[in-house]
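Q: Input file: run_2.tsv. Contents: TSV, C-alpha atoms.
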chain	number	residue	atom	x	y	z
A	1	MET	CA	-77.93	-24.70	-97.40
A	2	PRO	CA	-81.61	-24.75	-98.49
A	3	ALA	CA	-83.75	-27.22	-96.58
A	4	GLU	CA	-84.82	-28.97	-99.80
A	5	THR	CA	-81.21	-29.49	-100.83
A	6	LYS	CA	-80.26	-30.72	-97.36
A	7	ARG	CA	-82.99	-33.35	-97.46
A	8	THR	CA	-81.39	-34.96	-100.51
A	9	MET	CA	-77.89	-35.07	-99.04
A	10	ALA	CA	-76.17	-38.15	-97.65
A	11	GLU	CA	-74.71	-38.39	-94.15
A	12	VAL	CA	-71.37	-39.97	-93.29
A	13	PHE	CA	-70.80	-40.91	-89.64
A	14	ILE	CA	-67.43	-41.72	-88.10
A	15	VAL	CA	-67.71	-43.68	-84.83
A	16	HIS	CA	-64.47	-43.47	-82.85
A	17	TYR	CA	-63.92	-45.77	-79.85
A	18	ASN	CA	-61.06	-44.10	-77.99
A	19	GLY	CA	-58.80	-45.40	-75.22
A	20	LEU	CA	-59.54	-48.09	-72.67
A	21	ALA	CA	-62.10	-47.88	-69.88
A	22	PRO	CA	-60.83	-47.74	-66.27
A	23	GLU	CA	-59.37	-50.85	-64.70
A	24	LYS	CA	-60.99	-52.12	-61.52
A	25	MET	CA	-58.45	-52.73	-58.75
A	26	GLU	CA	-58.73	-53.99	-55.18
A	27	GLU	CA	-58.39	-51.69	-52.19
A	28	TYR	CA	-58.61	-52.85	-48.57
A	29	PHE	CA	-58.16	-51.85	-44.97
A	30	ILE	CA	-57.43	-53.87	-41.84
A	31	VAL	CA	-59.40	-53.92	-38.59
A	32	MET	CA	-57.76	-55.52	-35.57
A	33	MET	CA	-60.17	-57.13	-33.11
A	34	PRO	CA	-59.50	-57.12	-29.31
A	35	ASP	CA	-58.57	-60.82	-29.36
A	36	GLY	CA	-55.97	-60.32	-32.11
A	37	TYR	CA	-58.16	-61.50	-34.99
A	38	VAL	CA	-57.39	-59.56	-38.20
A	39	MET	CA	-60.36	-58.48	-40.32
A	40	LYS	CA	-59.59	-57.58	-43.94
A	41	ILE	CA	-62.20	-55.34	-45.58
A	42	ALA	CA	-61.75	-55.42	-49.39
A	43	TYR	CA	-63.57	-53.25	-51.92
A	44	PRO	CA	-63.09	-52.31	-55.62
A	45	LYS	CA	-61.81	-49.06	-57.03
A	46	PHE	CA	-61.61	-47.89	-60.64
A	47	VAL	CA	-58.27	-46.55	-61.87
A	48	LYS	CA	-58.41	-44.59	-65.12
A	49	ARG	CA	-56.00	-45.62	-67.86
A	50	SER	CA	-54.21	-42.94	-69.83
A	51	TYR	CA	-54.44	-42.44	-73.59
A	52	GLY	CA	-52.97	-39.74	-75.77
A	53	ILE	CA	-55.54	-39.27	-78.51
A	54	SER	CA	-57.89	-36.36	-77.93
A	55	HIS	CA	-60.13	-36.61	-81.01
A	56	GLY	CA	-60.24	-37.43	-84.69
A	57	GLU	CA	-60.27	-35.01	-87.63
A	58	ILE	CA	-61.98	-36.36	-90.77
A	59	THR	CA	-61.59	-35.14	-94.34
A	60	LEU	CA	-63.61	-36.51	-97.27
A	61	LYS	CA	-63.00	-35.65	-100.93
A	62	ASN	CA	-65.56	-35.98	-103.71
A	63	LEU	CA	-63.68	-37.86	-106.43
A	64	LYS	CA	-65.65	-36.19	-109.25
A	65	THR	CA	-65.74	-32.54	-108.17
A	66	GLY	CA	-62.65	-32.46	-105.95
A	67	THR	CA	-64.66	-30.74	-103.19
A	68	SER	CA	-63.48	-31.51	-99.66
A	69	TYR	CA	-65.62	-31.86	-96.55
A	70	SER	CA	-64.31	-32.09	-93.01
A	71	CYS	CA	-65.30	-32.33	-89.38
A	72	ALA	CA	-63.86	-33.29	-85.98
A	73	THR	CA	-65.25	-36.01	-83.76
A	74	VAL	CA	-67.11	-34.88	-80.64
A	75	LEU	CA	-67.57	-36.70	-77.36
A	76	MET	CA	-70.85	-38.59	-77.17
A	77	GLU	CA	-70.29	-40.91	-74.20
A	78	ASP	CA	-67.61	-40.60	-71.50
A	79	ILE	CA	-67.58	-44.25	-70.43
A	80	ALA	CA	-64.58	-43.82	-68.12
A	81	SER	CA	-66.17	-41.07	-66.02
A	82	ILE	CA	-69.55	-42.85	-65.97
A	83	ALA	CA	-67.93	-46.06	-64.67
A	84	VAL	CA	-66.04	-44.20	-61.93
A	85	LEU	CA	-69.11	-42.21	-60.83
A	86	ASN	CA	-71.33	-45.31	-60.85
A	87	LEU	CA	-68.95	-47.17	-58.55
A	88	GLU	CA	-68.57	-44.14	-56.25
A	89	ASN	CA	-72.37	-44.02	-55.88
A	90	ARG	CA	-72.40	-47.67	-54.77
A	91	ILE	CA	-69.18	-47.85	-52.78
A	92	ASN	CA	-70.74	-47.33	-49.33
A	93	ARG	CA	-73.12	-50.25	-49.89
A	94	ILE	CA	-70.24	-52.37	-51.16
A	95	LYS	CA	-68.12	-51.55	-48.09
A	96	ALA	CA	-71.04	-52.27	-45.77
A	97	LYS	CA	-71.47	-55.72	-47.33
A	98	ALA	CA	-67.73	-56.38	-47.04
A	99	ILE	CA	-67.77	-55.42	-43.34
A	100	ALA	CA	-70.80	-57.65	-42.71
A	101	ARG	CA	-69.11	-60.53	-44.53
A	102	ALA	CA	-65.87	-60.14	-42.55
A	103	THR	CA	-67.83	-59.88	-39.30
A	104	MET	CA	-69.68	-63.13	-40.02
A	105	LYS	CA	-66.37	-64.87	-40.69
A	106	TYR	CA	-65.01	-63.52	-37.40
A	107	LEU	CA	-68.04	-64.66	-35.40
A	108	ALA	CA	-67.87	-68.10	-37.03
A	109	SER	CA	-64.17	-68.44	-36.16
A	110	VAL	CA	-64.84	-67.42	-32.54
A	111	ALA	CA	-67.62	-70.01	-32.27
A	112	ALA	CA	-65.47	-72.72	-33.84
A	113	SER	CA	-62.51	-71.85	-31.64
A	114	LYS	CA	-64.65	-71.98	-28.49
A	115	ALA	CA	-66.11	-75.37	-29.43
A	116	VAL	CA	-62.64	-76.85	-30.12
A	117	GLN	CA	-61.25	-75.33	-26.92
A	118	GLU	CA	-63.98	-76.93	-24.83
A	119	GLN	CA	-63.22	-80.36	-26.30
A	120	HIS	CA	-59.45	-80.25	-26.88
A	121	GLY	CA	-58.03	-77.42	-24.80
A	122	GLU	CA	-56.94	-73.83	-25.12
A	123	LEU	CA	-54.05	-74.43	-27.53
A	124	ALA	CA	-56.26	-76.29	-30.00
A	125	GLY	CA	-58.82	-73.49	-29.79
A	126	MET	CA	-56.16	-70.87	-30.52
A	127	LEU	CA	-54.86	-72.86	-33.49
A	128	THR	CA	-58.40	-73.19	-34.85
A	129	GLN	CA	-58.98	-69.44	-34.68
A	130	MET	CA	-55.56	-68.70	-36.21
A	131	THR	CA	-56.25	-71.07	-39.10
A	132	ALA	CA	-59.68	-69.54	-39.67
A	133	ASN	CA	-58.17	-66.05	-39.58
A	134	ILE	CA	-55.53	-66.90	-42.20
A	135	ALA	CA	-58.18	-68.44	-44.45
A	136	SER	CA	-60.45	-65.43	-43.99
A	137	VAL	CA	-57.76	-62.92	-44.99
A	138	ALA	CA	-56.65	-65.06	-47.94
A	139	THR	CA	-60.16	-65.47	-49.33
A	140	GLU	CA	-61.43	-61.93	-48.72
A	141	GLN	CA	-61.22	-60.31	-52.16
A	142	ALA	CA	-63.04	-57.46	-53.85
A	143	ASP	CA	-65.05	-58.10	-57.00
A	144	VAL	CA	-62.77	-56.64	-59.67
A	145	ARG	CA	-64.54	-58.10	-62.70
A	146	HIS	CA	-65.07	-55.60	-65.50
A	147	TRP	CA	-65.11	-55.28	-69.29
A	148	ARG	CA	-61.40	-54.86	-69.96
A	149	LEU	CA	-61.71	-53.87	-73.63
A	150	LEU	CA	-64.44	-51.25	-73.33
A	151	PRO	CA	-63.35	-47.85	-74.71
A	152	ALA	CA	-62.81	-44.90	-72.39
A	153	GLU	CA	-65.01	-42.77	-74.61
A	154	ILE	CA	-67.16	-42.87	-77.73
A	155	ARG	CA	-66.73	-39.99	-80.18
A	156	ILE	CA	-68.82	-39.24	-83.27
A	157	GLY	CA	-68.09	-37.26	-86.41
A	158	ARG	CA	-70.83	-36.37	-88.95
A	159	ILE	CA	-70.44	-34.94	-92.42
A	160	ILE	CA	-73.27	-34.05	-94.79
A	161	VAL	CA	-72.30	-34.59	-98.44
A	162	PRO	CA	-74.01	-34.82	-101.82
A	163	GLU	CA	-74.28	-38.24	-103.40
A	164	GLY	CA	-71.18	-39.44	-105.18
A	165	ASN	CA	-67.88	-41.24	-104.81
A	166	TYR	CA	-65.49	-40.29	-102.01
A	167	SER	CA	-62.15	-41.07	-100.46
A	168	GLY	CA	-60.72	-39.59	-97.30
A	169	SER	CA	-58.67	-39.88	-94.17
A	170	ILE	CA	-58.95	-39.51	-90.41
A	171	ARG	CA	-56.22	-37.91	-88.33
A	172	PHE	CA	-56.02	-38.89	-84.68
A	173	VAL	CA	-54.56	-35.98	-82.75
A	174	GLY	CA	-53.50	-35.30	-79.17
A	175	ALA	CA	-54.66	-32.60	-76.79
A	176	GLY	CA	-52.11	-30.15	-78.20
A	177	GLY	CA	-53.26	-30.70	-81.79
A	178	ALA	CA	-50.27	-32.78	-82.90
A	179	GLU	CA	-51.06	-35.76	-85.11
A	180	ILE	CA	-50.44	-39.10	-83.41
A	181	TYR	CA	-51.25	-41.14	-86.50
A	182	SER	CA	-53.71	-41.26	-89.37
A	183	LYS	CA	-55.70	-43.78	-91.39
A	184	GLN	CA	-57.00	-43.68	-94.93
A	185	ILE	CA	-60.71	-44.15	-95.53
A	186	ALA	CA	-61.15	-46.55	-98.42
A	187	PRO	CA	-63.04	-45.12	-101.43
A	188	PHE	CA	-66.81	-45.44	-101.09
A	189	SER	CA	-70.00	-44.15	-102.65
A	190	VAL	CA	-73.19	-42.76	-101.14
A	191	ARG	CA	-76.63	-42.18	-102.57
A	192	GLU	CA	-79.14	-39.45	-101.76
A	193	ARG	CA	-80.37	-39.60	-98.15
A	194	GLU	CA	-78.10	-42.55	-97.39
A	195	LYS	CA	-76.44	-42.86	-93.99
A	196	ARG	CA	-72.95	-44.41	-94.10
A	197	PHE	CA	-71.03	-45.48	-90.99
A	198	PHE	CA	-67.31	-46.04	-90.41
A	199	THR	CA	-65.90	-47.32	-87.14
A	200	TYR	CA	-62.39	-46.86	-85.75
A	201	ARG	CA	-60.73	-48.08	-82.56
A	202	THR	CA	-57.72	-46.42	-80.95
A	203	LEU	CA	-55.83	-47.54	-77.83
A	204	ARG	CA	-52.96	-45.04	-77.76
For the file at hand, write its structure as structure tokens.
A:
Amino acid sequence: MPAETKRTMAEVFIVHYNGLAPEKMEEYFIVMMPDGYVMKIAYPKFVKRSYGISHGEITLKNLKTGTSYSCATVLMEDIASIAVLNLENRINRIKAKAIARATMKYLASVAASKAVQEQHGELAGMLTQMTANIASVATEQADVRHWRLLPAEIRIGRIIVPEGNYSGSIRFVGAGGAEIYSKQIAPFSVREREKRFFTYRTLR
């Protein structure tokens, strides 16, 4: 296509938000102290959620000439992998903070137990430490907050067309090429050098 002609063409962009980003879950391990105190060390972990759609295939038809234009969406941002990698890069610091937090709770319970024992006897001191231990385990939780509706990936399709009126469709297909479902693109018009955007969201 001559450069001069290309400069007068319109561009149609299809933005496809595909799947759901990973879900953040809690993982933990237990450390038993010499005096029987149980330390729970909790930390977050991302678990990827499955989705069957691999990409979208777009077809546009010029309503005047009957000419068809097509393209497939390509991956622009792998949000799922970025989220997992980002957490993996920070996980050692997160675990270190969790260990420090659990250690402070343990030292506080030992101090409280010793103070109660000196005033009210050994049994009262043991009960104080046991109560503190139960509360510590119950309240030790990883931060699992995350954006639950973020897509797993962002895909983009781009078609260069001459000005005119168009209709079309987008097929959402799986890894093997089989169509999972499709959607019609409502008729629209574009002018020279115009950029037109359509957005689709899939969760399958």
Q: Quick one, how far is CA of Gly52 in chain A from CA of Ser68 in chain A?
A: 27.4 Å
Q: Find the spatial neighbours of Gln184 in chain A, counting all atoms listed in the file, within a cut-off of 7 Å - ignore same-chain residues fewer than 2 positions away - and output them as a PyMOL selection string.
A: chain A and resi 168-170+182+186
Q: Please indicate the distance in Å from CA of Val31 in chain A to CA of Ser109 in chain A, rounded to one decimal place.
A: 15.5 Å
Q: Around range 104-108 of chain A, fit a box with edges along x, y and z, padding it by 5 Å on each side, then list its centre and edge lengths in Å to one decimal as lines of an AutoDock Vina configuration file.
A:
center_x = -67.3
center_y = -65.6
center_z = -38.0
size_x = 14.7
size_y = 15.0
size_z = 15.3
Q: Could you tell me which of A:Lys40, A:Arg145, A:Arg49, A:Arg193 comes closest to Arg7 in chain A if we count all atoms listed in the file?
A: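 Under the stated criterion, the closest residue is A:Arg193.
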Q: Please measure the separation of CA of Val161 in chain A and CA of Ile14 in chain A, giving the value in Å to one decimal.
A: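 Here the two named atoms are 13.5 Å from each other.
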Q: With distances taken over all atoms listed in the file, which residue among A:Glu192, A:Glu163, A:Glu140, A:Glu153 lies nearest Ile30 in chain A?
A: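 Ranked by minimum distance to Ile30 in chain A, first place goes to A:Glu140.
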Q: (-59.5, -36.3, -78.3) in this file's frame - what residues fall within 7 Å of it? Use only C-alpha atoms and give the answer as a ChimeraX atom specification.
A: /A:53-56,173-175
Q: Generate the output file for the selected residues, C-alpha atoms, as an mmCIF file, in the frame of the given file.
A:
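Output (result-v1.cif):
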data_model
loop_
_atom_site.group_PDB
_atom_site.id
_atom_site.type_symbol
_atom_site.label_atom_id
_atom_site.label_comp_id
_atom_site.auth_asym_id
_atom_site.auth_seq_id
_atom_site.Cartn_x
_atom_site.Cartn_y
_atom_site.Cartn_z
ATOM 1 C CA ILE A 53 -55.540 -39.270 -78.510
ATOM 2 C CA SER A 54 -57.890 -36.360 -77.930
ATOM 3 C CA HIS A 55 -60.130 -36.610 -81.010
ATOM 4 C CA GLY A 56 -60.240 -37.430 -84.690
ATOM 5 C CA VAL A 173 -54.560 -35.980 -82.750
ATOM 6 C CA GLY A 174 -53.500 -35.300 -79.170
ATOM 7 C CA ALA A 175 -54.660 -32.600 -76.790
#
